[in-house]
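File shown: entry07.cif. Contents: mmCIF, C-alpha atoms.
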```cif
data_upload
loop_
_atom_site.label_atom_id
_atom_site.label_comp_id
_atom_site.auth_asym_id
_atom_site.auth_seq_id
_atom_site.Cartn_x
_atom_site.Cartn_y
_atom_site.Cartn_z
CA MET A 1 -1.61 -73.65 -33.19
CA PRO A 2 -0.62 -75.81 -36.20
CA PRO A 3 -2.69 -79.02 -36.66
CA GLY A 4 0.31 -81.23 -35.89
CA ASP A 5 0.88 -79.46 -32.57
CA ARG A 6 -2.82 -79.75 -31.72
CA GLY A 7 -2.64 -83.45 -32.47
CA LEU A 8 0.36 -83.94 -30.23
CA ALA A 9 -1.36 -82.01 -27.44
CA LYS A 10 -4.37 -84.33 -27.69
CA LEU A 11 -2.16 -87.41 -27.58
CA ARG A 12 -0.36 -86.05 -24.50
CA GLU A 13 -3.72 -85.49 -22.84
CA LEU A 14 -4.87 -89.04 -23.57
CA ARG A 15 -1.58 -90.50 -22.35
CA GLU A 16 -1.71 -88.52 -19.11
CA THR A 17 -5.29 -89.66 -18.49
CA LEU A 18 -4.29 -93.30 -18.99
CA VAL A 19 -1.26 -92.98 -16.74
CA GLY A 20 -3.51 -91.49 -14.08
CA LEU A 21 -5.84 -94.50 -14.36
CA ASP A 22 -3.05 -97.07 -13.97
CA ARG A 23 -3.41 -99.09 -10.77
CA PRO A 24 -1.72 -102.26 -9.55
CA GLY A 25 -3.77 -105.38 -10.22
CA PRO A 26 -6.94 -105.85 -12.30
CA PRO A 27 -8.93 -102.64 -12.90
CA ASP A 28 -12.24 -102.14 -11.09
CA GLN A 29 -15.40 -101.51 -13.09
CA ALA A 30 -15.18 -97.73 -12.93
CA THR A 31 -11.55 -97.74 -14.08
CA ALA A 32 -12.31 -100.18 -16.89
CA VAL A 33 -15.10 -97.93 -18.15
CA ALA A 34 -12.84 -94.88 -17.98
CA VAL A 35 -10.06 -96.61 -19.90
CA ALA A 36 -12.53 -97.77 -22.55
CA GLU A 37 -13.71 -94.17 -22.96
CA VAL A 38 -10.13 -92.96 -23.46
CA MET A 39 -9.59 -95.71 -26.06
CA SER A 40 -12.73 -94.60 -27.86
CA GLN A 41 -11.42 -91.03 -27.95
CA LEU A 42 -8.07 -92.28 -29.23
CA TRP A 43 -9.73 -94.21 -32.05
CA GLU A 44 -11.86 -91.23 -33.06
CA PHE A 45 -8.78 -88.99 -33.00
CA CYS A 46 -6.90 -91.37 -35.30
CA ARG A 47 -9.87 -91.56 -37.69
CA ALA A 48 -10.22 -87.77 -37.77
CA VAL A 49 -6.57 -87.02 -38.62
CA SER A 50 -6.58 -87.92 -42.32
CA GLU A 51 -4.24 -85.33 -43.86
CA PRO A 52 -0.87 -86.95 -44.65
CA GLU A 53 1.04 -83.77 -43.84
CA VAL A 54 -0.49 -83.61 -40.36
CA VAL A 55 0.26 -87.29 -39.78
CA HIS A 56 3.85 -86.66 -40.88
CA ALA A 57 4.19 -83.72 -38.49
CA ILE A 58 3.00 -85.87 -35.60
CA GLU A 59 5.12 -88.91 -36.50
CA THR A 60 8.32 -86.90 -36.86
CA ALA A 61 7.97 -85.08 -33.53
CA ALA A 62 10.64 -85.95 -30.96
CA GLU A 63 8.07 -87.02 -28.38
CA TYR A 64 6.10 -89.26 -30.75
CA PRO A 65 7.93 -92.57 -30.01
CA ALA A 66 7.22 -92.25 -26.28
CA LEU A 67 3.60 -91.31 -26.90
CA ARG A 68 3.17 -94.20 -29.31
CA SER A 69 4.75 -96.69 -26.92
CA THR A 70 2.27 -95.89 -24.13
CA LEU A 71 -0.84 -95.47 -26.26
CA SER A 72 -0.30 -98.53 -28.48
CA ALA A 73 0.32 -100.74 -25.43
CA HIS A 74 -2.96 -99.62 -23.88
CA TRP A 75 -4.72 -100.06 -27.22
CA SER A 76 -3.48 -103.64 -27.59
CA ALA A 77 -4.54 -104.47 -24.04
CA GLN A 78 -8.00 -103.00 -24.62
CA LEU A 79 -8.47 -104.98 -27.84
CA SER A 80 -7.52 -108.17 -26.02
CA ARG A 81 -10.04 -107.43 -23.28
CA ASP A 82 -12.76 -106.64 -25.83
CA GLU A 83 -12.12 -109.84 -27.80
CA THR A 84 -12.08 -111.89 -24.62
CA ARG A 85 -15.46 -110.46 -23.58
CA THR A 86 -16.86 -111.11 -27.06
CA SER A 87 -15.65 -114.70 -27.03
CA ARG A 88 -17.16 -115.40 -23.64
CA ARG A 89 -20.44 -113.71 -24.57
CA VAL A 90 -20.74 -115.69 -27.80
CA LEU A 91 -20.08 -118.95 -25.96
CA ALA A 92 -22.62 -118.07 -23.26
CA ASP A 93 -25.25 -117.12 -25.86
CA ALA A 94 -24.62 -120.35 -27.75
CA GLY A 95 -25.00 -122.31 -24.54
CA ARG A 96 -28.42 -120.76 -23.94
CA THR A 97 -29.72 -120.98 -27.51
CA GLY A 98 -27.98 -124.10 -28.80
CA LEU A 99 -26.66 -122.03 -31.73
CA ARG A 100 -23.96 -123.79 -33.72
CA ASP A 101 -24.19 -121.99 -37.07
CA VAL A 102 -21.07 -119.89 -37.62
CA SER A 103 -22.87 -117.75 -40.20
CA MET A 104 -24.95 -116.18 -37.41
CA LEU A 105 -21.93 -114.59 -35.76
CA ALA A 106 -20.74 -111.00 -36.33
CA VAL A 107 -21.93 -110.47 -39.90
CA GLU A 108 -19.84 -107.30 -40.25
CA ASP A 109 -16.66 -109.19 -39.33
CA TYR A 110 -17.32 -111.86 -41.92
CA GLN A 111 -18.03 -109.26 -44.58
CA GLY A 112 -14.69 -107.61 -43.86
CA VAL A 113 -12.82 -110.90 -44.15
CA ALA A 114 -14.78 -111.79 -47.30
CA ASP A 115 -13.57 -108.56 -48.91
CA GLU A 116 -9.99 -109.51 -48.06
CA LEU A 117 -10.39 -113.04 -49.42
CA ARG A 118 -11.42 -111.64 -52.80
CA LEU A 119 -7.77 -110.67 -53.23
CA LEU A 120 -7.12 -114.40 -53.73
CA GLY A 121 -9.14 -114.41 -56.93
CA GLY A 122 -10.98 -117.58 -55.97
CA ARG A 123 -7.81 -119.66 -55.74
CA SER A 124 -8.14 -122.22 -52.96
CA ALA A 125 -5.51 -123.52 -50.54
CA GLU A 126 -4.78 -126.89 -48.99
CA ARG A 127 -3.73 -125.62 -45.55
CA ALA A 128 -3.99 -122.10 -44.15
CA ALA A 129 -2.88 -120.41 -40.94
CA VAL A 130 -4.13 -117.26 -39.24
CA ILE A 131 -1.16 -115.80 -37.37
CA GLY A 132 -2.28 -113.98 -34.23
CA CYS A 133 -5.81 -115.40 -34.22
CA GLY A 134 -6.72 -113.98 -30.79
CA PRO A 135 -9.35 -115.14 -28.28
CA TYR A 136 -12.22 -114.44 -30.69
CA PRO A 137 -10.90 -115.86 -33.99
CA GLU A 138 -13.40 -114.35 -36.42
CA THR A 139 -10.90 -114.38 -39.31
CA LEU A 140 -10.18 -118.07 -38.77
CA MET A 141 -13.89 -118.89 -38.63
CA ALA A 142 -14.69 -116.83 -41.72
CA LEU A 143 -11.82 -118.43 -43.64
CA GLN A 144 -12.94 -121.92 -42.61
CA ALA A 145 -16.53 -121.14 -43.62
CA SER A 146 -15.48 -119.65 -46.98
CA GLY A 147 -14.72 -123.02 -48.57
CA LEU A 148 -11.39 -121.70 -49.89
CA VAL A 149 -9.35 -124.08 -47.71
CA ARG A 150 -9.65 -127.78 -48.46
CA ARG A 151 -7.91 -129.50 -45.54
CA LEU A 152 -7.04 -127.45 -42.46
CA VAL A 153 -7.07 -123.92 -41.00
CA VAL A 154 -4.70 -123.34 -38.07
CA GLY A 155 -4.95 -120.42 -35.66
CA ILE A 156 -1.58 -119.47 -34.14
CA ASP A 157 -1.55 -117.66 -30.79
CA ARG A 158 1.04 -118.22 -28.07
CA HIS A 159 -1.03 -116.47 -25.38
CA GLU A 160 -2.54 -119.36 -23.44
CA PRO A 161 -5.80 -117.68 -22.28
CA SER A 162 -6.47 -116.53 -25.85
CA ALA A 163 -5.73 -119.98 -27.24
CA VAL A 164 -8.10 -121.61 -24.74
CA LEU A 165 -10.98 -119.34 -25.76
CA ALA A 166 -10.19 -119.68 -29.46
CA GLU A 167 -10.34 -123.47 -29.09
CA ALA A 168 -13.69 -123.26 -27.31
CA VAL A 169 -15.21 -120.97 -29.94
CA THR A 170 -13.98 -122.98 -32.91
CA ALA A 171 -15.06 -126.24 -31.30
CA ARG A 172 -18.56 -124.78 -30.97
CA PHE A 173 -18.95 -123.18 -34.38
CA CYS A 174 -16.54 -124.87 -36.81
CA ASP A 175 -17.81 -128.44 -36.93
CA ALA A 176 -18.54 -128.28 -40.69
CA GLY A 177 -16.04 -127.83 -43.50
CA CYS A 178 -12.29 -128.31 -43.31
CA GLY A 179 -10.50 -129.06 -40.05
CA VAL A 180 -9.52 -126.38 -37.49
CA GLU A 181 -6.66 -126.39 -34.98
CA ILE A 182 -5.18 -123.89 -32.52
CA ASP A 183 -1.37 -123.82 -32.28
CA ARG A 184 0.19 -122.24 -29.16
CA SER A 185 3.62 -121.76 -30.76
CA ASP A 186 5.59 -118.55 -31.11
CA ALA A 187 4.74 -117.41 -34.66
CA ALA A 188 8.37 -116.39 -35.25
CA ALA A 189 9.50 -119.99 -34.65
CA VAL A 190 6.85 -121.90 -36.62
CA ASP A 191 7.79 -123.99 -39.64
CA TYR A 192 5.40 -122.76 -42.35
CA ALA A 193 6.25 -125.51 -44.84
CA PRO A 194 2.81 -127.18 -44.58
CA HIS A 195 0.88 -123.98 -45.35
CA ASP A 196 0.15 -122.42 -48.74
CA LEU A 197 -1.98 -119.54 -47.40
CA LEU A 198 -1.19 -117.31 -44.40
CA VAL A 199 -3.10 -114.42 -42.85
CA VAL A 200 -1.13 -112.03 -40.62
CA ALA A 201 -3.15 -110.05 -38.07
CA ASN A 202 -2.83 -106.25 -37.92
CA GLY A 203 -2.10 -106.33 -34.19
CA LEU A 204 0.84 -108.72 -34.47
CA ARG A 205 4.26 -107.44 -33.41
CA GLY A 206 7.49 -108.32 -35.20
CA LYS A 207 5.95 -108.50 -38.67
CA ALA A 208 9.20 -107.95 -40.57
CA ARG A 209 10.88 -110.78 -38.64
CA LEU A 210 7.83 -112.97 -39.26
CA LEU A 211 7.98 -112.32 -43.01
CA ASP A 212 11.61 -113.42 -42.99
CA ARG A 213 10.60 -116.62 -41.20
CA ILE A 214 7.82 -117.28 -43.70
CA ARG A 215 10.16 -116.61 -46.61
CA ARG A 216 12.67 -119.09 -45.20
CA THR A 217 10.29 -121.95 -44.41
CA ALA A 218 7.08 -121.66 -46.46
CA PRO A 219 6.59 -123.36 -49.85
CA PRO A 220 7.38 -121.40 -53.04
CA ALA A 221 3.71 -120.86 -53.93
CA VAL A 222 2.71 -119.50 -50.52
CA ARG A 223 0.39 -116.49 -50.47
CA VAL A 224 0.36 -114.09 -47.53
CA LEU A 225 -2.49 -111.74 -46.63
CA ILE A 226 -1.01 -109.17 -44.27
CA ARG A 227 -2.97 -106.41 -42.57
CA LEU A 228 -1.13 -103.12 -42.15
CA PRO A 229 -2.02 -99.72 -40.67
CA LEU A 230 -2.41 -96.49 -42.61
CA LEU A 231 -2.03 -92.85 -41.52
CA MET A 232 -2.66 -92.53 -37.77
CA GLY A 233 -3.38 -96.24 -37.62
CA ARG A 234 0.40 -96.52 -37.33
CA LEU A 235 0.06 -95.05 -33.84
CA LEU A 236 -1.94 -98.12 -32.79
CA TYR A 237 -0.47 -100.94 -34.90
CA GLU A 238 2.99 -101.88 -36.13
CA ASP A 239 3.74 -100.88 -39.72
CA VAL A 240 6.01 -102.89 -41.98
CA GLU A 241 5.28 -102.06 -45.62
CA ARG A 242 8.18 -99.65 -45.88
CA ASP A 243 10.39 -102.39 -44.45
CA LEU A 244 9.18 -105.39 -46.45
CA ARG A 245 12.02 -107.88 -46.64
CA PRO A 246 13.52 -108.84 -50.03
CA GLY A 247 11.75 -111.70 -51.75
CA TRP A 248 8.15 -110.43 -51.54
CA THR A 249 5.99 -108.71 -54.15
CA VAL A 250 2.67 -106.98 -53.47
CA THR A 251 0.29 -108.47 -56.06
CA ALA A 252 -3.00 -106.99 -54.78
CA ARG A 253 -4.26 -104.69 -52.05
CA HIS A 254 -7.57 -103.83 -50.39
CA ARG A 255 -8.34 -100.69 -48.37
CA ALA A 256 -10.11 -102.38 -45.47
CA THR A 257 -10.81 -99.28 -43.33
CA PRO A 258 -9.67 -95.64 -43.31
CA LEU A 259 -6.82 -96.74 -41.02
CA SER A 260 -5.79 -100.09 -42.51
CA GLU A 261 -5.29 -102.06 -45.68
CA THR A 262 -4.63 -105.68 -46.57
CA LEU A 263 -1.84 -106.66 -48.97
CA LEU A 264 -1.52 -109.91 -50.87
CA LEU A 265 2.15 -110.89 -50.91
CA GLU A 266 3.69 -113.51 -53.17
CA ARG A 267 7.29 -114.48 -53.72
CA SER A 268 9.28 -112.27 -56.05
CA ALA A 269 10.55 -113.93 -59.20
CA GLY A 270 13.73 -115.87 -58.61
CA THR A 271 13.31 -116.35 -54.85
CA SER A 272 12.78 -119.64 -53.07
CA PRO A 273 12.41 -120.88 -49.51
CA LEU A 274 15.55 -121.43 -47.45
CA ILE A 275 14.41 -124.39 -45.43
CA GLY A 276 16.25 -124.76 -42.15
CA VAL A 277 18.12 -121.44 -42.39
#
```

For this file, write the structure as structure tokens.
Amino acid sequence: MPPGDRGLAKLRELRETLVGLDRPGPPDQATAVAVAEVMSQLWEFCRAVSEPEVVHAIETAAEYPALRSTLSAHWSAQLSRDETRTSRRVLADAGRTGLRDVSMLAVEDYQGVADELRLLGGRSAERAAVIGCGPYPETLMALQASGLVRRLVVGIDRHEPSAVLAEAVTARFCDAGCGVEIDRSDAAAVDYAPHDLLVVANGLRGKARLLDRIRRTAPPAVRVLIRLPLLMGRLLYEDVERDLRPGWTVTARHRATPLSETLLLERSAGTSPLIGV
């Protein structure tokens, strides 16, 4: 059996397992553990399929859109659950220990963000926003702790439970350095005029529309760090690089993981914001 067909067969198997685990209402412990195991298998599958020709064979199959729709939805839900658990655990641990030092949290997460921030070449910003900050806003906290933002870092997340946890975590760990706020707005409707640095989460949906909104409202010197999937990472996260809207130039890039990279976008020469359009 060709590798592409074997890959599709594995994806069908994972989808059928997930569909069989679907139940009305919140999952019980056994179901939650089973779903997490399927998600682990899905991640390992995506990491293992590294040949571009195999990825192409899978992505061009007629059944791929339906497979992707189901699997990516479950993946997003699992990530949200994992981040929510992490946020609550960190807050509980801090409550027991009195820990308030942000540098003690998730060293590997901060290292990953630090690698991305090197794309900025040391250039600081007045105000930054992390779009799609999530319930455990490690990117926001790492950016605030980096010293690269002078006045304010805003986390944007319209999901109320996520915003509540993000506020609690940042209130606990971000009491030094520039200010921090959580904005519950729809990212596609935000006026980005006050911000000169933006970070777009990999898991965000509607990235092309968001880039249009940023282009129309952000200042001319805005810089955008956008995380995008590679290879089979496109099964799990929305891709947009091949559909970047006019007006943006990729000025630097960093291969964050085997399945993702971060691009630094700046305005193309001759373009300007279209405020109010």

Review point. By how many Å are CA of Arg158 (chain A) and CA of Ile131 (chain A) apart?
Key: 9.9 Å

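You can rank A:Arg6, A:Arg118, A:Arg184, A:His74 by their closest distance to Val35 (chain A) using all atoms listed in the file, and at the top of that list sits A:His74.
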
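Taking CA of Leu148 (chain A) as the reference point, CA of Cys178 (chain A) is found at 9.4 Å.
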
Review point. When you draw a straight line from CA of Glu53 (chain A) to CA of Arg209 (chain A), how long is it in Å?
Key: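 So the two atoms, CA of Glu53 (chain A) and CA of Arg209 (chain A), lie 29.2 Å apart.
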
Review point. Exactly which residues make up the result of the PyMOL selection byres ((chain A and resi 214-227) around 9) on this file, given as a PyMOL selection string?
Key: chain A and resi 116-117+119-120+188+190-203+207+209-213+228-229+245+247-248+256+260-267+271-277

Point to revise | Selection dump of the PyMOL selection byres ((chain A and resi 114) around 12), as a ChimeraX atom specification | key: /A:107-113,115-122,138-148,254,256,262

To test the calculation: enclose all listed atoms of region 169-188 of chain A in a box whose edges run along x, y and z, add 5 Å on each side, then state centre and edge lengths in Å to one decimal, as JSON.
```
{"center_x": -5.3, "center_y": -122.7, "center_z": -36.3, "size_x": 37.3, "size_y": 22.7, "size_z": 24.3}
```

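Closest approach to Asp186 (chain A) among A:Asp157, A:Glu59, A:Asp28, A:Glu16 is made by A:Asp157 (distances from all atoms listed in the file).
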
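Distance check against Pro65 (chain A) using only C-alpha atoms: of A:Ala77, A:Cys46, A:Leu259, A:Leu8, the minimum falls on A:Leu8.
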
Review point. If the PyMOL selection byres ((chain A and resi 71) around 9) is run on the structure shown, which residues does it catch, given as a PyMOL selection string?
Key: chain A and resi 11+14-15+18+39+42+66-70+72-76+235-236

Practice item. Select, counting all atoms listed in the file, all protein, DNA and RNA residues no farther than 8 Å from (-5.6, -127.3, -39.8) in file coordinates, and express the selection as an MDAnalysis selection string. Key: chainID A and resid 127:129 151:154 178:181

Practice item. Compare A:Gly206, A:Pro258, A:His159, A:Arg253 by their minimum atom-to-atom distance to Asp239 (chain A), counting all atoms listed in the file, and give me the closest one. Key: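 Nearest candidate to Asp239 (chain A) out of A:Gly206, A:Pro258, A:His159, A:Arg253: A:Gly206.
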
Review point. What would the list of residues within 8 Å of (0.7, -92.2, -37.9) (file frame) look like as a list in words, if all atoms listed in the file are what count?
Key: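 The residues near that point, listed by chain and number, are Val55, His56, Ile58, Glu59, Leu230, Leu231, Met232, Gly233, Arg234 and Leu235 of chain A.
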
Practice item. Determine, counting all atoms listed in the file, which protein, DNA and RNA residues have an atom within 9 Å of an atom of region 88-92 of chain A; residues of the same chain fewer than 6 positions away are not included. Present the result as number ranges by chain. Key: A: 105, 136, 165, 168-169, 172
